[in-house]
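Let me begin by presenting the structure, written as structure tokens, before commenting on it.
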Amino acid sequence: MFVERYLRYHPTNVGHTEDEREVLVSQIVADEINRQSGTDYFAKHWRPDPPDALLVSKSGKHPNRRVEVVSTPQGSTMRYDRKNIRQFEQKLRAALHGLGLHDCDIVVCWSESAIQRGIKDALLLRLAEIIVATAPVNGYFLLRGVEIYDYSPEVAACVHYFRIWRLPGSILKVHSSHSFWSPADGRWILDAVENKAKKYRNGTLASNLMLIVDGLIYLDSEQIESFRRNVIPEQIPFPEVWVVSMGRAHRVKP
């Protein structure tokens, strides 16, 4: 499964310490609990460990909820073939220069197969021709893969979209959106849960903690639903498990 995102996280995802991040994702869960249950929880940092954070009722009407936060271990599985991408950018820039385009900032989102297997020079030239043909006189333009297909099905198989922004002067910039591929199943969530469960082998301790899996931007609904379908809740020592991804909270247990 291909998942492509600009690595421009939700504004609240950037520039935080680990402790601040734990409180942030805990607050996202607290907001969802409040929405579903009519409670008034807010998240605060807590030490000693455990827990990482505490959900506290503003009115005092609801019991405190102790929270442990764990991140998905996606780092070792992300793939980003910089060598191929750098070659694509260099050749595309040269082709655009040759076609007389000199004043644009261009971002290309390459397909997984293109990055892994390479792109023929003829297709890069055809991409350059499409970019020149669609470049706006001023401002911004985006062409998605389904629209690129109308120009060239072969190029559409290599490029998910490209974005053009006109620049003053004669500067030509060509770069790539950062992409990653994640598994379609729920293994990242399961790995995160198991890693934290190993830390708390004492079932009594784990049974008093809410677990939040912080997926940043790397988890989607397909992975979350796969985890729900394939994991036996009774095998998870934590009574309540949430996944936070792209600024939203999803309850996966119970």
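Within each chain, counting starts at residue 1; across the structure tokens, chains are named A, B, ... in the order shown, with ligands numbered 1 upward in that order.
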So that each row is one residue of region 154-216 of chain A with an atom at most 6 Å from region 81-103 of chain A, can you give its shortest atom pair and the distance in Å to one decimal, using only C-alpha atoms, rows by chain and rising number, as a tab-separated table?
```
residue	atom	partner	partner_atom	distance
A:Leu167	CA	A:Asp103	CA	5.1
A:Ser170	CA	A:Asp103	CA	4.5
A:Ile171	CA	A:Asp103	CA	4.7
A:Leu172	CA	A:His102	CA	5.0
A:Val174	CA	A:Glu89	CA	5.9
```
Selection from above, N, CA and C atoms, as a PDB file, in the first residue's frame, can you write it?
```
ATOM      1  N   LEU A 167       7.975  31.609 -10.116  1.00  0.00           N
ATOM      2  CA  LEU A 167       8.895  32.397  -9.313  1.00  0.00           C
ATOM      3  C   LEU A 167       9.309  33.657 -10.078  1.00  0.00           C
ATOM      4  N   SER A 170      14.699  34.251 -12.848  1.00  0.00           N
ATOM      5  CA  SER A 170      14.977  33.116 -13.740  1.00  0.00           C
ATOM      6  C   SER A 170      15.447  31.896 -12.955  1.00  0.00           C
ATOM      7  N   ILE A 171      14.858  31.677 -11.788  1.00  0.00           N
ATOM      8  CA  ILE A 171      15.246  30.549 -10.941  1.00  0.00           C
ATOM      9  C   ILE A 171      14.384  29.335 -11.277  1.00  0.00           C
ATOM     10  N   LEU A 172      15.010  28.180 -11.438  1.00  0.00           N
ATOM     11  CA  LEU A 172      14.277  26.934 -11.648  1.00  0.00           C
ATOM     12  C   LEU A 172      14.636  25.961 -10.539  1.00  0.00           C
ATOM     13  N   VAL A 174      13.650  22.207  -8.807  1.00  0.00           N
ATOM     14  CA  VAL A 174      12.960  20.929  -8.982  1.00  0.00           C
ATOM     15  C   VAL A 174      13.274  20.064  -7.779  1.00  0.00           C
TER      16      VAL A 174
END
```
Next item on the list: For CA of His160 (chain A) and CA of Leu127 (chain A), determine how far apart the two atoms are, in Å to one decimal place.
Entry: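 For CA of His160 (chain A) relative to CA of Leu127 (chain A), the distance reads 11.7 Å.
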Notebook entry, point to check: From the list A:Ala133, A:Val29, A:Val67, A:His62, which residue is nearest Trp46 (chain A) when using only C-alpha atoms?
Noted result: A:Val67
Next item on the list: Give the strand (DSSP E) residues of region 29-222 of chain A, as DSSP finds them on the backbone, and put them as a PyMOL selection string.
Entry: chain A and resi 41-45+53-57+65-71+104-110+140-144+159-166+172-176+179-181+210-214
With N, CA and C atoms retained, export the selected residues as a CSV table (one decimal), in the first residue's frame.
```csv
chain,number,residue,atom,x,y,z
A,41,TYR,N,-12.5,16.1,30.5
A,41,TYR,CA,-11.1,15.8,30.8
A,41,TYR,C,-10.1,16.7,30.1
A,42,PHE,N,-9.0,17.0,30.7
A,42,PHE,CA,-7.9,17.6,30.1
A,42,PHE,C,-6.6,16.9,30.4
A,43,ALA,N,-5.6,17.0,29.6
A,43,ALA,CA,-4.4,16.2,29.8
A,43,ALA,C,-3.3,17.0,30.4
A,44,LYS,N,-2.5,16.4,31.3
A,44,LYS,CA,-1.4,17.1,32.0
A,44,LYS,C,-0.3,16.1,32.1
A,45,HIS,N,0.9,16.6,32.0
A,45,HIS,CA,2.1,15.8,32.2
A,45,HIS,C,2.2,15.3,33.6
A,53,ALA,N,1.2,10.6,31.2
A,53,ALA,CA,0.3,11.7,31.4
A,53,ALA,C,-0.9,11.3,32.2
A,54,LEU,N,-1.7,12.3,32.6
A,54,LEU,CA,-2.9,12.1,33.4
A,54,LEU,C,-4.0,12.8,32.8
A,55,LEU,N,-5.2,12.2,32.6
A,55,LEU,CA,-6.4,12.9,32.2
A,55,LEU,C,-7.2,13.2,33.5
A,56,VAL,N,-7.4,14.5,33.6
A,56,VAL,CA,-8.0,15.0,34.9
A,56,VAL,C,-9.3,15.7,34.5
A,57,SER,N,-10.3,15.5,35.3
A,57,SER,CA,-11.6,16.1,35.1
A,57,SER,C,-11.6,17.5,35.6
A,65,ARG,N,-7.6,9.4,34.8
A,65,ARG,CA,-7.2,8.3,33.9
A,65,ARG,C,-5.7,8.4,33.6
A,66,ARG,N,-5.0,7.3,34.0
A,66,ARG,CA,-3.6,7.3,33.8
A,66,ARG,C,-3.2,6.8,32.4
A,67,VAL,N,-2.3,7.5,31.7
A,67,VAL,CA,-2.0,7.3,30.3
A,67,VAL,C,-0.6,7.0,30.1
A,68,GLU,N,-0.3,5.9,29.3
A,68,GLU,CA,1.0,5.6,28.7
A,68,GLU,C,0.9,5.9,27.2
A,69,VAL,N,2.0,6.5,26.7
A,69,VAL,CA,2.0,6.8,25.2
A,69,VAL,C,3.2,6.0,24.6
A,70,VAL,N,2.9,5.4,23.5
A,70,VAL,CA,4.0,4.7,22.7
A,70,VAL,C,3.9,5.1,21.3
A,71,SER,N,5.0,5.2,20.6
A,71,SER,CA,5.1,5.6,19.2
A,71,SER,C,5.2,4.3,18.4
A,104,CYS,N,10.4,28.6,-12.3
A,104,CYS,CA,9.4,27.9,-11.5
A,104,CYS,C,10.0,27.1,-10.4
A,105,ASP,N,9.2,26.9,-9.4
A,105,ASP,CA,9.5,25.9,-8.3
A,105,ASP,C,8.5,24.7,-8.5
A,106,ILE,N,9.1,23.5,-8.8
A,106,ILE,CA,8.4,22.4,-9.1
A,106,ILE,C,8.6,21.3,-8.1
A,107,VAL,N,7.5,20.7,-7.6
A,107,VAL,CA,7.5,19.5,-6.8
A,107,VAL,C,6.9,18.4,-7.5
A,108,VAL,N,7.5,17.2,-7.5
A,108,VAL,CA,7.0,16.0,-8.1
A,108,VAL,C,6.8,14.9,-7.0
A,109,CYS,N,5.7,14.2,-7.1
A,109,CYS,CA,5.5,13.1,-6.2
A,109,CYS,C,5.6,11.8,-7.1
A,110,TRP,N,6.7,11.1,-6.9
A,110,TRP,CA,7.0,9.9,-7.8
A,110,TRP,C,6.3,8.7,-7.2
A,140,TYR,N,0.0,29.4,-9.0
A,140,TYR,CA,0.2,28.0,-8.6
A,140,TYR,C,-0.6,27.1,-9.5
A,141,PHE,N,-0.1,25.9,-9.8
A,141,PHE,CA,-0.9,24.9,-10.5
A,141,PHE,C,-0.5,23.5,-10.1
A,142,LEU,N,-1.5,22.6,-9.9
A,142,LEU,CA,-1.3,21.3,-9.5
A,142,LEU,C,-2.0,20.3,-10.5
A,143,LEU,N,-1.3,19.3,-11.0
A,143,LEU,CA,-1.8,18.3,-11.9
A,143,LEU,C,-1.7,16.9,-11.2
A,144,ARG,N,-2.9,16.3,-11.0
A,144,ARG,CA,-2.9,15.0,-10.3
A,144,ARG,C,-2.7,13.9,-11.3
A,159,VAL,N,4.3,9.1,-11.9
A,159,VAL,CA,4.1,10.3,-11.1
A,159,VAL,C,2.7,10.4,-10.6
A,160,HIS,N,2.6,10.6,-9.3
A,160,HIS,CA,1.2,10.7,-8.7
A,160,HIS,C,0.7,12.2,-8.8
A,161,TYR,N,1.5,13.2,-8.8
A,161,TYR,CA,1.1,14.5,-9.1
A,161,TYR,C,2.4,15.4,-9.3
A,162,PHE,N,2.2,16.6,-9.8
A,162,PHE,CA,3.3,17.6,-9.8
A,162,PHE,C,2.6,18.9,-9.5
A,163,ARG,N,3.4,19.8,-8.8
A,163,ARG,CA,2.9,21.1,-8.5
A,163,ARG,C,3.9,22.1,-9.0
A,164,ILE,N,3.4,23.2,-9.6
A,164,ILE,CA,4.2,24.2,-10.2
A,164,ILE,C,3.9,25.5,-9.5
A,165,TRP,N,4.9,26.3,-9.1
A,165,TRP,CA,4.7,27.6,-8.6
A,165,TRP,C,5.7,28.6,-9.3
A,166,ARG,N,5.1,29.6,-9.9
A,166,ARG,CA,5.9,30.5,-10.7
A,166,ARG,C,6.7,31.4,-9.7
A,172,LEU,N,15.0,28.2,-11.4
A,172,LEU,CA,14.3,26.9,-11.6
A,172,LEU,C,14.6,26.0,-10.5
A,173,LYS,N,13.6,25.6,-9.8
A,173,LYS,CA,13.8,24.6,-8.7
A,173,LYS,C,13.0,23.4,-9.0
A,174,VAL,N,13.7,22.2,-8.8
A,174,VAL,CA,13.0,20.9,-9.0
A,174,VAL,C,13.3,20.1,-7.8
A,175,HIS,N,12.3,19.7,-7.0
A,175,HIS,CA,12.5,18.8,-5.9
A,175,HIS,C,11.3,17.8,-5.8
A,176,SER,N,11.4,16.9,-4.8
A,176,SER,CA,10.4,15.8,-4.7
A,176,SER,C,9.7,15.9,-3.4
A,179,SER,N,8.1,10.8,0.5
A,179,SER,CA,7.1,9.7,0.4
A,179,SER,C,7.5,8.6,1.2
A,180,PHE,N,6.6,7.8,1.7
A,180,PHE,CA,6.9,6.6,2.4
A,180,PHE,C,5.9,5.5,2.1
A,181,TRP,N,6.2,4.3,2.3
A,181,TRP,CA,5.3,3.2,2.1
A,181,TRP,C,5.1,2.4,3.4
A,210,MET,N,-4.3,3.5,30.6
A,210,MET,CA,-4.8,3.6,29.2
A,210,MET,C,-3.6,3.7,28.3
A,211,LEU,N,-3.6,3.0,27.2
A,211,LEU,CA,-2.5,3.1,26.2
A,211,LEU,C,-2.9,3.9,25.0
A,212,ILE,N,-2.0,4.9,24.6
A,212,ILE,CA,-2.2,5.6,23.4
A,212,ILE,C,-1.1,5.4,22.5
A,213,VAL,N,-1.4,4.9,21.3
A,213,VAL,CA,-0.4,4.7,20.2
A,213,VAL,C,-0.3,5.9,19.4
A,214,ASP,N,0.8,6.6,19.4
A,214,ASP,CA,1.1,7.8,18.6
A,214,ASP,C,1.6,7.4,17.2
```
Every residue of region 93-191 of chain A that DSSP places in alpha helix (DSSP H), as a PDB file with N, CA and C atoms, in the first residue's frame:
```pdb
ATOM      1  N   ARG A  93      15.253  18.659 -14.375  1.00  0.00           N
ATOM      2  CA  ARG A  93      15.684  20.058 -14.409  1.00  0.00           C
ATOM      3  C   ARG A  93      16.381  20.371 -15.735  1.00  0.00           C
ATOM      4  N   ALA A  94      17.253  19.467 -16.185  1.00  0.00           N
ATOM      5  CA  ALA A  94      17.958  19.668 -17.451  1.00  0.00           C
ATOM      6  C   ALA A  94      16.975  19.692 -18.622  1.00  0.00           C
ATOM      7  N   ALA A  95      15.981  18.805 -18.595  1.00  0.00           N
ATOM      8  CA  ALA A  95      14.996  18.766 -19.673  1.00  0.00           C
ATOM      9  C   ALA A  95      14.165  20.036 -19.697  1.00  0.00           C
ATOM     10  N   LEU A  96      13.789  20.540 -18.533  1.00  0.00           N
ATOM     11  CA  LEU A  96      13.000  21.771 -18.468  1.00  0.00           C
ATOM     12  C   LEU A  96      13.807  22.966 -18.967  1.00  0.00           C
ATOM     13  N   HIS A  97      15.091  23.009 -18.588  1.00  0.00           N
ATOM     14  CA  HIS A  97      15.961  24.066 -19.116  1.00  0.00           C
ATOM     15  C   HIS A  97      16.007  24.004 -20.634  1.00  0.00           C
ATOM     16  N   GLY A  98      16.133  22.782 -21.141  1.00  0.00           N
ATOM     17  CA  GLY A  98      16.202  22.613 -22.587  1.00  0.00           C
ATOM     18  C   GLY A  98      14.934  23.051 -23.301  1.00  0.00           C
ATOM     19  N   GLU A 112       5.860   4.659  -6.252  1.00  0.00           N
ATOM     20  CA  GLU A 112       6.743   3.696  -5.602  1.00  0.00           C
ATOM     21  C   GLU A 112       7.531   2.899  -6.630  1.00  0.00           C
ATOM     22  N   SER A 113       6.863   2.441  -7.698  1.00  0.00           N
ATOM     23  CA  SER A 113       7.551   1.634  -8.713  1.00  0.00           C
ATOM     24  C   SER A 113       8.633   2.442  -9.423  1.00  0.00           C
ATOM     25  N   ALA A 114       8.365   3.738  -9.642  1.00  0.00           N
ATOM     26  CA  ALA A 114       9.360   4.583 -10.294  1.00  0.00           C
ATOM     27  C   ALA A 114      10.610   4.716  -9.434  1.00  0.00           C
ATOM     28  N   ILE A 115      10.420   4.939  -8.142  1.00  0.00           N
ATOM     29  CA  ILE A 115      11.563   5.116  -7.252  1.00  0.00           C
ATOM     30  C   ILE A 115      12.367   3.830  -7.132  1.00  0.00           C
ATOM     31  N   GLN A 116      11.672   2.703  -7.108  1.00  0.00           N
ATOM     32  CA  GLN A 116      12.368   1.432  -6.945  1.00  0.00           C
ATOM     33  C   GLN A 116      13.059   0.968  -8.232  1.00  0.00           C
ATOM     34  N   ARG A 117      12.441   1.215  -9.381  1.00  0.00           N
ATOM     35  CA  ARG A 117      12.936   0.639 -10.646  1.00  0.00           C
ATOM     36  C   ARG A 117      13.550   1.655 -11.596  1.00  0.00           C
ATOM     37  N   ASP A 121      14.673   7.877 -19.576  1.00  0.00           N
ATOM     38  CA  ASP A 121      14.886   9.292 -19.887  1.00  0.00           C
ATOM     39  C   ASP A 121      13.771   9.843 -20.769  1.00  0.00           C
ATOM     40  N   ALA A 122      13.238   9.009 -21.662  1.00  0.00           N
ATOM     41  CA  ALA A 122      12.172   9.470 -22.559  1.00  0.00           C
ATOM     42  C   ALA A 122      10.923   9.857 -21.778  1.00  0.00           C
ATOM     43  N   LEU A 123      10.639   9.142 -20.696  1.00  0.00           N
ATOM     44  CA  LEU A 123       9.467   9.478 -19.882  1.00  0.00           C
ATOM     45  C   LEU A 123       9.703  10.753 -19.069  1.00  0.00           C
ATOM     46  N   LEU A 124      10.944  10.954 -18.618  1.00  0.00           N
ATOM     47  CA  LEU A 124      11.252  12.199 -17.919  1.00  0.00           C
ATOM     48  C   LEU A 124      11.133  13.390 -18.859  1.00  0.00           C
ATOM     49  N   LEU A 125      11.541  13.199 -20.111  1.00  0.00           N
ATOM     50  CA  LEU A 125      11.388  14.270 -21.098  1.00  0.00           C
ATOM     51  C   LEU A 125       9.915  14.541 -21.358  1.00  0.00           C
ATOM     52  N   ARG A 126       9.115  13.463 -21.452  1.00  0.00           N
ATOM     53  CA  ARG A 126       7.683  13.653 -21.670  1.00  0.00           C
ATOM     54  C   ARG A 126       7.057  14.368 -20.472  1.00  0.00           C
ATOM     55  N   LEU A 127       7.482  14.044 -19.257  1.00  0.00           N
ATOM     56  CA  LEU A 127       7.013  14.752 -18.065  1.00  0.00           C
ATOM     57  C   LEU A 127       7.370  16.224 -18.157  1.00  0.00           C
ATOM     58  N   ALA A 128       8.587  16.520 -18.573  1.00  0.00           N
ATOM     59  CA  ALA A 128       9.006  17.916 -18.726  1.00  0.00           C
ATOM     60  C   ALA A 128       8.110  18.638 -19.728  1.00  0.00           C
ATOM     61  N   GLU A 129       7.750  17.968 -20.815  1.00  0.00           N
ATOM     62  CA  GLU A 129       6.876  18.583 -21.825  1.00  0.00           C
ATOM     63  C   GLU A 129       5.493  18.868 -21.250  1.00  0.00           C
ATOM     64  N   ILE A 130       4.983  17.952 -20.415  1.00  0.00           N
ATOM     65  CA  ILE A 130       3.668  18.169 -19.791  1.00  0.00           C
ATOM     66  C   ILE A 130       3.733  19.345 -18.817  1.00  0.00           C
ATOM     67  N   ILE A 131       4.825  19.418 -18.056  1.00  0.00           N
ATOM     68  CA  ILE A 131       4.984  20.534 -17.117  1.00  0.00           C
ATOM     69  C   ILE A 131       5.011  21.857 -17.857  1.00  0.00           C
ATOM     70  N   VAL A 132       5.772  21.930 -18.937  1.00  0.00           N
ATOM     71  CA  VAL A 132       5.865  23.170 -19.724  1.00  0.00           C
ATOM     72  C   VAL A 132       4.501  23.525 -20.315  1.00  0.00           C
ATOM     73  N   ALA A 133       3.774  22.512 -20.783  1.00  0.00           N
ATOM     74  CA  ALA A 133       2.476  22.757 -21.411  1.00  0.00           C
ATOM     75  C   ALA A 133       1.429  23.247 -20.415  1.00  0.00           C
ATOM     76  N   THR A 134       1.591  22.901 -19.147  1.00  0.00           N
ATOM     77  CA  THR A 134       0.573  23.253 -18.143  1.00  0.00           C
ATOM     78  C   THR A 134       1.021  24.354 -17.187  1.00  0.00           C
ATOM     79  N   GLY A 145      -2.467  12.697 -10.791  1.00  0.00           N
ATOM     80  CA  GLY A 145      -2.186  11.553 -11.643  1.00  0.00           C
ATOM     81  C   GLY A 145      -3.282  11.253 -12.642  1.00  0.00           C
ATOM     82  N   VAL A 146      -4.554  11.366 -12.225  1.00  0.00           N
ATOM     83  CA  VAL A 146      -5.653  11.081 -13.143  1.00  0.00           C
ATOM     84  C   VAL A 146      -5.692  12.081 -14.293  1.00  0.00           C
ATOM     85  N   GLU A 147      -5.194  13.290 -14.040  1.00  0.00           N
ATOM     86  CA  GLU A 147      -5.132  14.307 -15.091  1.00  0.00           C
ATOM     87  C   GLU A 147      -3.875  14.135 -15.940  1.00  0.00           C
ATOM     88  N   ILE A 148      -2.780  13.724 -15.316  1.00  0.00           N
ATOM     89  CA  ILE A 148      -1.564  13.421 -16.079  1.00  0.00           C
ATOM     90  C   ILE A 148      -1.841  12.296 -17.064  1.00  0.00           C
ATOM     91  N   TYR A 149      -2.703  11.356 -16.666  1.00  0.00           N
ATOM     92  CA  TYR A 149      -3.040  10.209 -17.521  1.00  0.00           C
ATOM     93  C   TYR A 149      -3.570  10.660 -18.880  1.00  0.00           C
ATOM     94  N   ASP A 150      -4.305  11.761 -18.910  1.00  0.00           N
ATOM     95  CA  ASP A 150      -4.847  12.266 -20.176  1.00  0.00           C
ATOM     96  C   ASP A 150      -3.736  12.691 -21.129  1.00  0.00           C
ATOM     97  N   TYR A 151      -2.606  13.098 -20.571  1.00  0.00           N
ATOM     98  CA  TYR A 151      -1.460  13.466 -21.405  1.00  0.00           C
ATOM     99  C   TYR A 151      -0.618  12.241 -21.760  1.00  0.00           C
ATOM    100  N   PRO A 153      -0.445   8.028 -20.239  1.00  0.00           N
ATOM    101  CA  PRO A 153      -0.632   6.970 -19.236  1.00  0.00           C
ATOM    102  C   PRO A 153       0.692   6.465 -18.668  1.00  0.00           C
ATOM    103  N   GLU A 154       1.730   6.464 -19.504  1.00  0.00           N
ATOM    104  CA  GLU A 154       3.040   5.977 -19.055  1.00  0.00           C
ATOM    105  C   GLU A 154       3.634   6.904 -17.999  1.00  0.00           C
ATOM    106  N   VAL A 155       3.499   8.203 -18.190  1.00  0.00           N
ATOM    107  CA  VAL A 155       4.000   9.150 -17.197  1.00  0.00           C
ATOM    108  C   VAL A 155       3.156   9.072 -15.927  1.00  0.00           C
ATOM    109  N   ALA A 156       1.843   8.905 -16.077  1.00  0.00           N
ATOM    110  CA  ALA A 156       0.958   8.810 -14.917  1.00  0.00           C
ATOM    111  C   ALA A 156       1.303   7.613 -14.036  1.00  0.00           C
ATOM    112  N   ARG A 187       0.281  -4.173  11.668  1.00  0.00           N
ATOM    113  CA  ARG A 187       1.466  -4.640  12.401  1.00  0.00           C
ATOM    114  C   ARG A 187       2.173  -3.509  13.157  1.00  0.00           C
ATOM    115  N   TRP A 188       2.163  -2.285  12.612  1.00  0.00           N
ATOM    116  CA  TRP A 188       2.840  -1.202  13.329  1.00  0.00           C
ATOM    117  C   TRP A 188       2.154  -0.933  14.662  1.00  0.00           C
ATOM    118  N   ILE A 189       0.825  -0.950  14.664  1.00  0.00           N
ATOM    119  CA  ILE A 189       0.092  -0.737  15.905  1.00  0.00           C
ATOM    120  C   ILE A 189       0.370  -1.888  16.868  1.00  0.00           C
ATOM    121  N   LEU A 190       0.317  -3.122  16.343  1.00  0.00           N
ATOM    122  CA  LEU A 190       0.554  -4.292  17.185  1.00  0.00           C
ATOM    123  C   LEU A 190       1.952  -4.261  17.790  1.00  0.00           C
ATOM    124  N   ASP A 191       2.959  -3.903  16.981  1.00  0.00           N
ATOM    125  CA  ASP A 191       4.330  -3.820  17.492  1.00  0.00           C
ATOM    126  C   ASP A 191       4.426  -2.810  18.623  1.00  0.00           C
TER     127      ASP A 191
END
```
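Residues with any atom within 12 Å of Asp185 (chain A), counting only C-alpha atoms and excluding same-chain neighbours fewer than 6 positions away, are Met1, Asp191, Leu219, Asp220, Ser221, Glu222, Gln223, Ile224, Glu225, Ser226, Phe227, Arg228, Arg229, Asn230 and Val231 of chain A.
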Output N, CA and C atoms for every residue in that selection, as a PDB file, in the first residue's frame.
```
ATOM      1  N   MET A   1       0.848  -1.185   0.000  1.00  0.00           N
ATOM      2  CA  MET A   1       0.000   0.000   0.000  1.00  0.00           C
ATOM      3  C   MET A   1       0.887   1.239   0.000  1.00  0.00           C
ATOM      4  N   ASP A 191       2.959  -3.903  16.981  1.00  0.00           N
ATOM      5  CA  ASP A 191       4.330  -3.820  17.492  1.00  0.00           C
ATOM      6  C   ASP A 191       4.426  -2.810  18.623  1.00  0.00           C
ATOM      7  N   LEU A 219      -0.193   6.308  10.111  1.00  0.00           N
ATOM      8  CA  LEU A 219      -1.244   5.317  10.216  1.00  0.00           C
ATOM      9  C   LEU A 219      -2.508   5.828   9.538  1.00  0.00           C
ATOM     10  N   ASP A 220      -3.201   4.923   8.845  1.00  0.00           N
ATOM     11  CA  ASP A 220      -4.444   5.305   8.196  1.00  0.00           C
ATOM     12  C   ASP A 220      -5.556   4.363   8.633  1.00  0.00           C
ATOM     13  N   SER A 221      -6.763   4.587   8.112  1.00  0.00           N
ATOM     14  CA  SER A 221      -7.925   3.811   8.545  1.00  0.00           C
ATOM     15  C   SER A 221      -7.786   2.337   8.206  1.00  0.00           C
ATOM     16  N   GLU A 222      -7.112   2.018   7.100  1.00  0.00           N
ATOM     17  CA  GLU A 222      -6.940   0.615   6.723  1.00  0.00           C
ATOM     18  C   GLU A 222      -6.128  -0.145   7.773  1.00  0.00           C
ATOM     19  N   GLN A 223      -5.064   0.462   8.246  1.00  0.00           N
ATOM     20  CA  GLN A 223      -4.236  -0.183   9.266  1.00  0.00           C
ATOM     21  C   GLN A 223      -5.003  -0.320  10.589  1.00  0.00           C
ATOM     22  N   ILE A 224      -5.726   0.727  10.951  1.00  0.00           N
ATOM     23  CA  ILE A 224      -6.476   0.701  12.207  1.00  0.00           C
ATOM     24  C   ILE A 224      -7.549  -0.379  12.169  1.00  0.00           C
ATOM     25  N   GLU A 225      -8.289  -0.477  11.053  1.00  0.00           N
ATOM     26  CA  GLU A 225      -9.335  -1.488  10.943  1.00  0.00           C
ATOM     27  C   GLU A 225      -8.741  -2.892  10.921  1.00  0.00           C
ATOM     28  N   SER A 226      -7.589  -3.060  10.287  1.00  0.00           N
ATOM     29  CA  SER A 226      -6.932  -4.365  10.268  1.00  0.00           C
ATOM     30  C   SER A 226      -6.550  -4.791  11.682  1.00  0.00           C
ATOM     31  N   PHE A 227      -6.033  -3.848  12.464  1.00  0.00           N
ATOM     32  CA  PHE A 227      -5.682  -4.152  13.856  1.00  0.00           C
ATOM     33  C   PHE A 227      -6.925  -4.585  14.628  1.00  0.00           C
ATOM     34  N   ARG A 228      -8.016  -3.860  14.459  1.00  0.00           N
ATOM     35  CA  ARG A 228      -9.252  -4.196  15.171  1.00  0.00           C
ATOM     36  C   ARG A 228      -9.739  -5.599  14.809  1.00  0.00           C
ATOM     37  N   ARG A 229      -9.639  -5.962  13.527  1.00  0.00           N
ATOM     38  CA  ARG A 229     -10.147  -7.255  13.072  1.00  0.00           C
ATOM     39  C   ARG A 229      -9.289  -8.423  13.547  1.00  0.00           C
ATOM     40  N   ASN A 230      -7.994  -8.229  13.621  1.00  0.00           N
ATOM     41  CA  ASN A 230      -7.076  -9.357  13.772  1.00  0.00           C
ATOM     42  C   ASN A 230      -6.486  -9.530  15.164  1.00  0.00           C
ATOM     43  N   VAL A 231      -6.734  -8.597  16.053  1.00  0.00           N
ATOM     44  CA  VAL A 231      -6.168  -8.699  17.397  1.00  0.00           C
ATOM     45  C   VAL A 231      -7.256  -9.099  18.390  1.00  0.00           C
TER      46      VAL A 231
END
```
Item checked: For Leu216 (chain A), the nearest of the candidates A:Pro237, A:Pro73, A:Pro51, A:Pro63, counting only C-alpha atoms -> A:Pro73
Check: Can you list, as JSON, numbers by chain, every protein, DNA or RNA residue that comes within 10 Å of Phe238 (chain A) when you count only C-alpha atoms, leaving out same-chain residues fewer than 6 positions away?
Finding: {"A": [68, 193, 196, 197, 200, 203, 204, 205, 206, 207, 208, 209, 210, 211, 253, 254]}
Note to self: Ranking A:Gln36, A:Val244, A:Arg251, A:Glu194 by minimum distance to Glu22 (chain A) and counting only C-alpha atoms, which one comes first?
What the structure shows: A:Val244
Margin query: Between CA of Glu18 (chain A) and CA of Ile236 (chain A), what distance in Å does the model show, to one decimal?
Written below: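 Computing the Euclidean distance for CA of Glu18 (chain A) and CA of Ile236 (chain A) yields 24.6 Å.
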Check: To one decimal place, how far is CA of Lys199 (chain A) from CA of Asn64 (chain A) in Å?
Finding: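 CA of Asn64 (chain A) lies at a distance of 22.2 Å from CA of Lys199 (chain A).
Comparing A:Ser152, A:Thr39, A:Ser26, A:Asn138 by their smallest distance to Val243 (chain A), the closest is A:Ser26 (using only C-alpha atoms).
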